[in-house]
Amino acid sequence: MPLTDAKVRTAKPTSKSTKLADGGGLYLEVRPTGAKLWRYRYRIAGKENVFAIGEYPSISLADARVEHVRARALVADAVHPSHSRKIERLSNLVANANTFEAVANEWVAMKSANWTAYYQRQVEGVLRADVFPHVGKLPIRRVTAAHLLEIVRRVEKREATTIALLIRQWSSAIFRYAVATLRADNDPAAALRGAVERSRTVHHRPLSRTQIAHFVDALGRYGGYRTTVIALRLMLLTFVRTVELRKAQWSEFDLDGAEWRIPEERMKMREPHIVPLSKQAVELLRELRTYTGGRGLLFPNYRQPSECMTATTLNRALERMGFNGKGGIGFSAHGFRATASTILNELGYRSDVIERQLAHAERNKVRASYNQAEYLAERQVMMQDWANFIDGLLKKAENSGGSRKSLSKVA
């Protein structure tokens with residue numbers, strides 16, 4: 001006769017172990033100590049075996065019967081339930097060691113050799129702030145598309161669409177790595193392709209020729225730090241990326257040779273970059289050296305001298321001059337690149353030469369190496385012409401009858 005909850009609950013220990021059968025080989029063993037243990041007796045290859053299901057009341061009668069059904073199915077396939085349990089436990093241990101966070105950190109470590117330090121910090125920062133708190137401790141096999149969609153939607157709500165897209169992209173890469181290393185079966189992030197709609201790209205607005213003259217004039221009258229003025233003027237003259245100028249080291253410059261060599265580890269495309277320096281740029285750098293020449297950085301942070309000037313410093317200066325922020329024309333420090341590219345193309349300089357000076361990626365690596373040497377002479381001429389062109393715009397505006405007051409107005 002099958003057991004009942006009441007019979008299991010009220011079973012009393014005796015001087016010897018007693019067995020209360022439930023049927024099909026399942027029974028409750030009541031020991032003299034009072035312990036009540038669920039057991040399943042079965043045969044495989046004619047040999048009798050006993051499978052320890054667990055202890056009552058941690059495992060109730062109903063739970064014991066469910067486990068009994070599973071165990072009988074294994075025995076029917078000639079599999080010992082205890083062996084299956086060991087394999088399952090080992091699998092769980094491996095899964096718990098291979099959490100999403102652990103696999104993600106492995107992926108970052110593997111990929112970071114080809115990343116800039118800035119990009120690595122961005123990846124690690126986003127994962128740490130927006131992803132790990134929600135799925136980091138889960139075994140990676142248990143992370144689903146629903147988990148990731150919830151994370152992406154949460155980021156979208158704060159209007160960080162670009163971050164949401166990156167989370168989907170990076171998560172997908174992490175899962176592909178997990179599949180390749182046999183720790184996941186598929187990429188659930190792939191199901192979210194199209195779930196986030198990319199915001200309309202707002203390109204960095206370039207300055208017109210008239211606005212360049214206004215900018216140079218306003219910069220000459222700017223009341224902030226002289227080093228900030230020099231930084232902005234060099235941005236216009238060299239049109240490098242903001243971070244490349246802010247983190248520039250004096251050791252990278254040959255002022256006598258009028259050349260700036262940026263090492264590959266500081267470049268977005270991970271290739272060394274040569275910036276020919278105009279006479280105007282060299283003059284500014286010689287002046288700057290009187291302020292910061294005794295330090296490694298051209299533009300140290302005033303509050304933390306061991307670190308470089310922040311991008312905020314440059315954009316705040318542009319705000320104060322009326323080129324950015326409320327009431328401005330929406331021009332940021334990165335816009336100097338678009339400005340130079342637009343006007344130099346209009347002036348007829350070869351696009352290959354302009355692109356090389358902008359340090360844009362060259363897909364053909366052999367051609368990239370060839371172009372760097374082949375275009376250098378042309379780039380030297382172009383950079384000096386560009387500096388002279390800027391001076392000419394200011395002189396033309398002044399000679400056209402415009403007062404300094406009128407020049408200060410942003411067109």
# chains A, B, ... in the order shown; residues from 1 in each chain; ligands from 1

$ select_by_dssp --residues "range 28-194 of chain A" --states "helix (DSSP H, G or I)" --output "MDAnalysis selection string"
chainID A and resid 61:76 81:97 100:114 117:135 140:142 145:157 161:180 188:192

$ write_last_selection --atoms "C-alpha atoms" --output "compact mmCIF listing (two decimals), in the first residue's frame"
# COMPACT_ATOMS: atom_id res chain seq x y z
CA LEU A 61 6.81 12.43 -0.29
CA ALA A 62 5.70 14.19 -3.48
CA ASP A 63 9.26 15.29 -4.29
CA ALA A 64 10.57 11.78 -3.63
CA ARG A 65 8.04 10.34 -6.06
CA VAL A 66 9.04 12.83 -8.78
CA GLU A 67 12.69 11.92 -8.31
CA HIS A 68 11.71 8.23 -8.30
CA VAL A 69 10.08 8.60 -11.72
CA ARG A 70 13.23 10.26 -13.12
CA ALA A 71 15.45 7.57 -11.61
CA ARG A 72 13.30 4.73 -13.06
CA ALA A 73 13.57 6.30 -16.51
CA LEU A 74 17.37 6.31 -16.21
CA VAL A 75 17.41 2.70 -15.01
CA ALA A 76 15.26 1.73 -18.00
CA PRO A 81 20.85 7.44 -11.18
CA SER A 82 23.83 8.13 -8.92
CA HIS A 83 26.14 8.41 -11.96
CA SER A 84 23.72 10.77 -13.66
CA ARG A 85 23.58 12.91 -10.51
CA LYS A 86 27.40 13.15 -10.36
CA ILE A 87 27.52 14.24 -14.00
CA GLU A 88 24.80 16.82 -13.38
CA ARG A 89 26.61 18.20 -10.33
CA LEU A 90 29.88 18.44 -12.26
CA SER A 91 28.05 20.19 -15.09
CA ASN A 92 26.56 22.66 -12.62
CA LEU A 93 29.99 23.33 -11.09
CA VAL A 94 31.41 24.08 -14.53
CA ALA A 95 28.42 26.27 -15.39
CA ASN A 96 28.74 28.23 -12.15
CA ALA A 97 32.44 28.80 -12.85
CA PHE A 100 28.55 35.58 -17.99
CA GLU A 101 30.90 37.93 -16.16
CA ALA A 102 33.78 35.43 -16.14
CA VAL A 103 33.44 34.69 -19.85
CA ALA A 104 33.03 38.40 -20.66
CA ASN A 105 36.23 39.24 -18.78
CA GLU A 106 38.05 36.51 -20.70
CA TRP A 107 36.76 37.96 -23.96
CA VAL A 108 37.91 41.47 -23.00
CA ALA A 109 41.37 40.18 -22.05
CA MET A 110 41.67 38.38 -25.38
CA LYS A 111 40.49 41.34 -27.52
CA SER A 112 42.14 44.21 -25.63
CA ALA A 113 45.52 43.73 -27.31
CA ASN A 114 43.97 45.25 -30.44
CA ALA A 117 43.09 51.97 -23.71
CA TYR A 118 40.12 54.31 -24.07
CA TYR A 119 38.01 51.71 -25.90
CA GLN A 120 38.87 49.04 -23.35
CA ARG A 121 37.78 51.33 -20.51
CA GLN A 122 34.55 52.03 -22.37
CA VAL A 123 33.75 48.32 -22.86
CA GLU A 124 34.61 47.40 -19.27
CA GLY A 125 32.74 50.40 -17.86
CA VAL A 126 29.51 49.68 -19.73
CA LEU A 127 29.55 45.97 -18.91
CA ARG A 128 30.26 46.70 -15.25
CA ALA A 129 27.57 49.37 -14.93
CA ASP A 130 24.75 48.06 -17.12
CA VAL A 131 25.16 44.32 -17.70
CA PHE A 132 26.97 42.52 -14.87
CA PRO A 133 24.58 43.68 -12.10
CA HIS A 134 21.74 41.83 -13.89
CA VAL A 135 23.28 38.72 -15.51
CA ILE A 140 26.34 31.97 -19.37
CA ARG A 141 24.17 29.11 -20.68
CA ARG A 142 21.29 30.43 -18.59
CA ALA A 145 17.47 36.86 -25.05
CA ALA A 146 14.80 38.03 -22.58
CA HIS A 147 17.49 38.90 -20.02
CA LEU A 148 19.42 40.92 -22.59
CA LEU A 149 16.31 42.65 -23.95
CA GLU A 150 15.43 43.82 -20.45
CA ILE A 151 18.93 45.29 -20.03
CA VAL A 152 18.78 47.01 -23.42
CA ARG A 153 15.33 48.48 -22.74
CA ARG A 154 16.51 49.80 -19.37
CA VAL A 155 19.40 51.62 -21.06
CA GLU A 156 17.11 52.95 -23.81
CA LYS A 157 14.85 54.54 -21.19
CA THR A 161 20.63 54.49 -27.57
CA THR A 162 24.26 54.20 -28.60
CA ILE A 163 25.11 52.37 -25.36
CA ALA A 164 22.12 50.04 -25.86
CA LEU A 165 23.38 49.17 -29.35
CA LEU A 166 26.89 48.56 -28.03
CA ILE A 167 25.56 46.28 -25.28
CA ARG A 168 23.80 44.14 -27.89
CA GLN A 169 26.89 44.12 -30.08
CA TRP A 170 29.34 43.28 -27.28
CA SER A 171 27.01 40.67 -25.75
CA SER A 172 26.76 38.97 -29.12
CA ALA A 173 30.56 38.89 -29.40
CA ILE A 174 30.84 37.45 -25.87
CA PHE A 175 28.35 34.68 -26.69
CA ARG A 176 30.13 33.85 -29.97
CA TYR A 177 33.34 33.51 -27.96
CA ALA A 178 31.51 31.28 -25.45
CA VAL A 179 30.20 29.08 -28.29
CA ALA A 180 33.70 28.81 -29.77
CA PRO A 188 20.80 34.79 -27.78
CA ALA A 189 21.88 38.39 -28.46
CA ALA A 190 21.49 37.69 -32.18
CA ALA A 191 17.72 37.56 -31.64
CA LEU A 192 17.82 41.23 -30.58

$ atom_distance --atom1 "CA of Leu207 in chain A" --atom2 "CA of Met235 in chain A"
12.9 Å

$ select_by_dssp --residues "range 109-280 of chain A" --states "strand (DSSP E or B)" --output "ChimeraX atom specification"
/A:139,249,253-254,259-262,273-276

$ atom_distance --atom1 "CA of Phe323 in chain A" --atom2 "CA of Gln211 in chain A"
9.3 Å

$ residues_around --residues "Thr242 in chain A" --least-positions-apart "3" --cutoff "8 Å" --atoms "only C-alpha atoms" --output "PyMOL selection string"
chain A and resi 235+245-246+311+333-334

$ write_last_selection --atoms "N, CA and C atoms" --output "mmCIF file, in the first residue's frame"
data_model
loop_
_atom_site.group_PDB
_atom_site.id
_atom_site.type_symbol
_atom_site.label_atom_id
_atom_site.label_comp_id
_atom_site.auth_asym_id
_atom_site.auth_seq_id
_atom_site.Cartn_x
_atom_site.Cartn_y
_atom_site.Cartn_z
ATOM 1 N N MET A 235 44.278 72.481 -32.558
ATOM 2 C CA MET A 235 43.219 71.629 -33.089
ATOM 3 C C MET A 235 42.833 72.074 -34.492
ATOM 4 N N LEU A 245 45.395 65.021 -29.254
ATOM 5 C CA LEU A 245 46.067 66.253 -28.831
ATOM 6 C C LEU A 245 46.147 66.339 -27.311
ATOM 7 N N ARG A 246 45.066 66.025 -26.633
ATOM 8 C CA ARG A 246 45.034 66.170 -25.177
ATOM 9 C C ARG A 246 46.082 65.292 -24.500
ATOM 10 N N ALA A 311 38.428 66.808 -22.284
ATOM 11 C CA ALA A 311 37.705 67.323 -23.455
ATOM 12 C C ALA A 311 36.740 68.410 -23.041
ATOM 13 N N ALA A 333 34.785 70.510 -30.237
ATOM 14 C CA ALA A 333 36.209 70.431 -30.555
ATOM 15 C C ALA A 333 36.489 69.427 -31.666
ATOM 16 N N HIS A 334 35.671 68.383 -31.754
ATOM 17 C CA HIS A 334 35.903 67.377 -32.786
ATOM 18 C C HIS A 334 35.566 67.912 -34.176
#

$ atom_distance --atom1 "CA of Val143 in chain A" --atom2 "CA of Val196 in chain A"
19.0 Å

$ closest_residue --among "A:Ala338, A:Leu277, A:Leu236, A:Leu297" --to "Arg205 in chain A" --atoms "only C-alpha atoms"
A:Ala338

$ residues_around --residues "Phe336 in chain A" --least-positions-apart "6" --cutoff "10 Å" --atoms "only C-alpha atoms" --output "list in words"
His204, Arg205, Pro206, Leu207, Ile212, Leu232, Arg233, Leu234, Met235, Leu236, Leu237, Thr238, Phe239, Val240, Arg241, Thr242 and Thr342 of chain A

$ write_last_selection --atoms "C-alpha atoms" --output "JSON list (two decimals), in the first residue's frame"
[["chain", "number", "residue", "atom", "x", "y", "z"],
["A", 204, "HIS", "CA", 30.20, 67.11, -36.21],
["A", 205, "ARG", "CA", 29.27, 70.43, -37.72],
["A", 206, "PRO", "CA", 32.11, 72.13, -39.64],
["A", 207, "LEU", "CA", 32.89, 75.84, -39.52],
["A", 212, "ILE", "CA", 36.85, 80.26, -39.04],
["A", 232, "LEU", "CA", 42.24, 75.04, -29.63],
["A", 233, "ARG", "CA", 44.46, 76.78, -32.17],
["A", 234, "LEU", "CA", 46.47, 73.57, -32.64],
["A", 235, "MET", "CA", 43.22, 71.63, -33.09],
["A", 236, "LEU", "CA", 42.38, 73.93, -35.99],
["A", 237, "LEU", "CA", 45.89, 73.73, -37.49],
["A", 238, "THR", "CA", 46.47, 69.97, -37.15],
["A", 239, "PHE", "CA", 42.87, 68.64, -37.14],
["A", 240, "VAL", "CA", 43.86, 65.57, -35.11],
["A", 241, "ARG", "CA", 41.34, 63.82, -32.87],
["A", 242, "THR", "CA", 40.71, 65.60, -29.58],
["A", 342, "THR", "CA", 35.36, 69.98, -46.07]]

$ closest_residue --among "A:Arg379, A:Arg43, A:Lys396, A:Arg193" --to "Arg209 in chain A" --atoms "only C-alpha atoms"
A:Lys396

$ residues_around --residues "Met309 in chain A" --least-positions-apart "6" --cutoff "8 Å" --atoms "only C-alpha atoms" --output "JSON, numbers by chain"
{"A": [246, 247, 299, 300, 301, 302]}

$ write_last_selection --atoms "N, CA and C atoms" --output "compact mmCIF listing (two decimals), in the first residue's frame"
# COMPACT_ATOMS: atom_id res chain seq x y z
N ARG A 246 45.07 66.03 -26.63
CA ARG A 246 45.03 66.17 -25.18
C ARG A 246 46.08 65.29 -24.50
N LYS A 247 46.34 64.10 -25.06
CA LYS A 247 47.29 63.17 -24.45
C LYS A 247 48.69 63.24 -25.06
N PHE A 299 49.61 69.14 -22.40
CA PHE A 299 48.45 69.80 -21.78
C PHE A 299 48.04 69.07 -20.50
N PRO A 300 48.81 69.23 -19.42
CA PRO A 300 48.45 68.57 -18.15
C PRO A 300 47.20 69.20 -17.55
N ASN A 301 46.48 68.38 -16.80
CA ASN A 301 45.29 68.85 -16.09
C ASN A 301 45.75 69.73 -14.93
N TYR A 302 45.14 70.89 -14.77
CA TYR A 302 45.58 71.81 -13.72
C TYR A 302 45.32 71.25 -12.32

$ closest_residue --among "A:Pro305, A:Pro276, A:Gly294, A:Gly24" --to "Ala377 in chain A" --atoms "only C-alpha atoms"
A:Pro276

$ residues_around --residues "Val353 in chain A" --least-positions-apart "6" --cutoff "9 Å" --atoms "only C-alpha atoms" --output "ChimeraX atom specification"
/A:371,375-376,378-379,382

$ closest_residue --among "A:Asp5, A:Ala248, A:Asn98, A:Leu37" --to "Leu182 in chain A" --atoms "only C-alpha atoms"
A:Asn98

$ closest_residue --among "A:Ser278, A:Val8, A:Arg295, A:Gly348" --to "Trp386 in chain A" --atoms "only C-alpha atoms"
A:Ser278

$ closest_residue --among "A:Tyr27, A:Phe389, A:Tyr40, A:Tyr349" --to "Ala213 in chain A" --atoms "only C-alpha atoms"
A:Phe389

$ decode --residues "range 137-270 of chain A" --atoms "C-alpha atoms" --output "short mmCIF file (atom, residue, chain, number, x, y, z; two decimals), in the first residue's frame"
data_model
loop_
_atom_site.label_atom_id
_atom_site.label_comp_id
_atom_site.auth_asym_id
_atom_site.auth_seq_id
_atom_site.Cartn_x
_atom_site.Cartn_y
_atom_site.Cartn_z
CA LYS A 137 26.57 35.98 -11.84
CA LEU A 138 24.40 33.72 -14.01
CA PRO A 139 26.00 30.76 -15.81
CA ILE A 140 26.34 31.97 -19.37
CA ARG A 141 24.17 29.11 -20.68
CA ARG A 142 21.29 30.43 -18.59
CA VAL A 143 21.39 33.96 -19.94
CA THR A 144 18.55 34.37 -22.43
CA ALA A 145 17.47 36.86 -25.05
CA ALA A 146 14.80 38.03 -22.58
CA HIS A 147 17.49 38.90 -20.02
CA LEU A 148 19.42 40.92 -22.59
CA LEU A 149 16.31 42.65 -23.95
CA GLU A 150 15.43 43.82 -20.45
CA ILE A 151 18.93 45.29 -20.03
CA VAL A 152 18.78 47.01 -23.42
CA ARG A 153 15.33 48.48 -22.74
CA ARG A 154 16.51 49.80 -19.37
CA VAL A 155 19.40 51.62 -21.06
CA GLU A 156 17.11 52.95 -23.81
CA LYS A 157 14.85 54.54 -21.19
CA ARG A 158 17.64 56.88 -20.18
CA GLU A 159 18.01 57.82 -23.87
CA ALA A 160 21.39 56.15 -24.22
CA THR A 161 20.63 54.49 -27.57
CA THR A 162 24.26 54.20 -28.60
CA ILE A 163 25.11 52.37 -25.36
CA ALA A 164 22.12 50.04 -25.86
CA LEU A 165 23.38 49.17 -29.35
CA LEU A 166 26.89 48.56 -28.03
CA ILE A 167 25.56 46.28 -25.28
CA ARG A 168 23.80 44.14 -27.89
CA GLN A 169 26.89 44.12 -30.08
CA TRP A 170 29.34 43.28 -27.28
CA SER A 171 27.01 40.67 -25.75
CA SER A 172 26.76 38.97 -29.12
CA ALA A 173 30.56 38.89 -29.40
CA ILE A 174 30.84 37.45 -25.87
CA PHE A 175 28.35 34.68 -26.69
CA ARG A 176 30.13 33.85 -29.97
CA TYR A 177 33.34 33.51 -27.96
CA ALA A 178 31.51 31.28 -25.45
CA VAL A 179 30.20 29.08 -28.29
CA ALA A 180 33.70 28.81 -29.77
CA THR A 181 35.07 27.72 -26.37
CA LEU A 182 32.22 25.20 -25.83
CA ARG A 183 30.59 27.10 -22.98
CA ALA A 184 27.41 28.15 -24.79
CA ASP A 185 25.27 26.57 -27.49
CA ASN A 186 24.08 29.70 -29.29
CA ASP A 187 24.07 33.50 -29.31
CA PRO A 188 20.80 34.79 -27.78
CA ALA A 189 21.88 38.39 -28.46
CA ALA A 190 21.49 37.69 -32.18
CA ALA A 191 17.72 37.56 -31.64
CA LEU A 192 17.82 41.23 -30.58
CA ARG A 193 19.17 42.44 -33.91
CA GLY A 194 16.87 45.28 -34.90
CA ALA A 195 15.33 45.59 -31.42
CA VAL A 196 17.17 48.88 -30.89
CA GLU A 197 16.65 51.59 -33.50
CA ARG A 198 19.75 53.64 -34.11
CA SER A 199 19.30 57.34 -33.51
CA ARG A 200 19.83 59.62 -36.45
CA THR A 201 23.54 60.36 -36.70
CA VAL A 202 24.43 63.97 -35.94
CA HIS A 203 27.70 64.68 -37.69
CA HIS A 204 30.20 67.11 -36.21
CA ARG A 205 29.27 70.43 -37.72
CA PRO A 206 32.11 72.13 -39.64
CA LEU A 207 32.89 75.84 -39.52
CA SER A 208 32.34 77.93 -42.62
CA ARG A 209 35.18 80.11 -43.89
CA THR A 210 33.62 83.15 -42.29
CA GLN A 211 33.19 81.29 -39.01
CA ILE A 212 36.85 80.26 -39.04
CA ALA A 213 37.82 83.94 -39.11
CA HIS A 214 35.36 84.66 -36.30
CA PHE A 215 36.78 81.75 -34.31
CA VAL A 216 40.42 82.82 -34.66
CA ASP A 217 39.49 86.38 -33.70
CA ALA A 218 37.46 85.23 -30.66
CA LEU A 219 40.27 82.91 -29.63
CA GLY A 220 42.73 85.79 -29.69
CA ARG A 221 40.58 87.67 -27.21
CA TYR A 222 39.67 84.69 -25.00
CA GLY A 223 40.35 85.38 -21.34
CA GLY A 224 41.00 81.82 -20.20
CA TYR A 225 44.24 79.91 -19.76
CA ARG A 226 46.77 80.49 -22.53
CA THR A 227 47.36 76.73 -22.76
CA THR A 228 43.67 76.24 -23.61
CA VAL A 229 43.94 78.87 -26.35
CA ILE A 230 46.99 77.13 -27.80
CA ALA A 231 45.23 73.74 -27.65
CA LEU A 232 42.24 75.04 -29.63
CA ARG A 233 44.46 76.78 -32.17
CA LEU A 234 46.47 73.57 -32.64
CA MET A 235 43.22 71.63 -33.09
CA LEU A 236 42.38 73.93 -35.99
CA LEU A 237 45.89 73.73 -37.49
CA THR A 238 46.47 69.97 -37.15
CA PHE A 239 42.87 68.64 -37.14
CA VAL A 240 43.86 65.57 -35.11
CA ARG A 241 41.34 63.82 -32.87
CA THR A 242 40.71 65.60 -29.58
CA VAL A 243 42.11 62.77 -27.48
CA GLU A 244 45.27 62.63 -29.61
CA LEU A 245 46.07 66.25 -28.83
CA ARG A 246 45.03 66.17 -25.18
CA LYS A 247 47.29 63.17 -24.45
CA ALA A 248 50.21 64.36 -26.57
CA GLN A 249 53.69 63.93 -25.06
CA TRP A 250 56.63 66.24 -25.69
CA SER A 251 58.73 63.21 -26.61
CA GLU A 252 56.58 62.77 -29.74
CA PHE A 253 57.61 66.14 -31.23
CA ASP A 254 60.55 67.19 -33.39
CA LEU A 255 60.08 70.95 -33.59
CA ASP A 256 63.25 71.48 -35.61
CA GLY A 257 62.04 68.90 -38.11
CA ALA A 258 58.47 70.29 -37.91
CA GLU A 259 56.98 66.85 -37.28
CA TRP A 260 54.76 65.16 -34.72
CA ARG A 261 54.79 61.35 -34.61
CA ILE A 262 51.89 59.85 -32.67
CA PRO A 263 52.59 56.23 -31.59
CA GLU A 264 50.16 53.51 -32.63
CA GLU A 265 48.92 52.81 -29.09
CA ARG A 266 47.37 56.29 -28.97
CA MET A 267 45.72 56.10 -32.38
CA LYS A 268 42.17 54.93 -32.98
CA MET A 269 43.24 52.74 -35.90
CA ARG A 270 46.26 51.36 -34.01
#
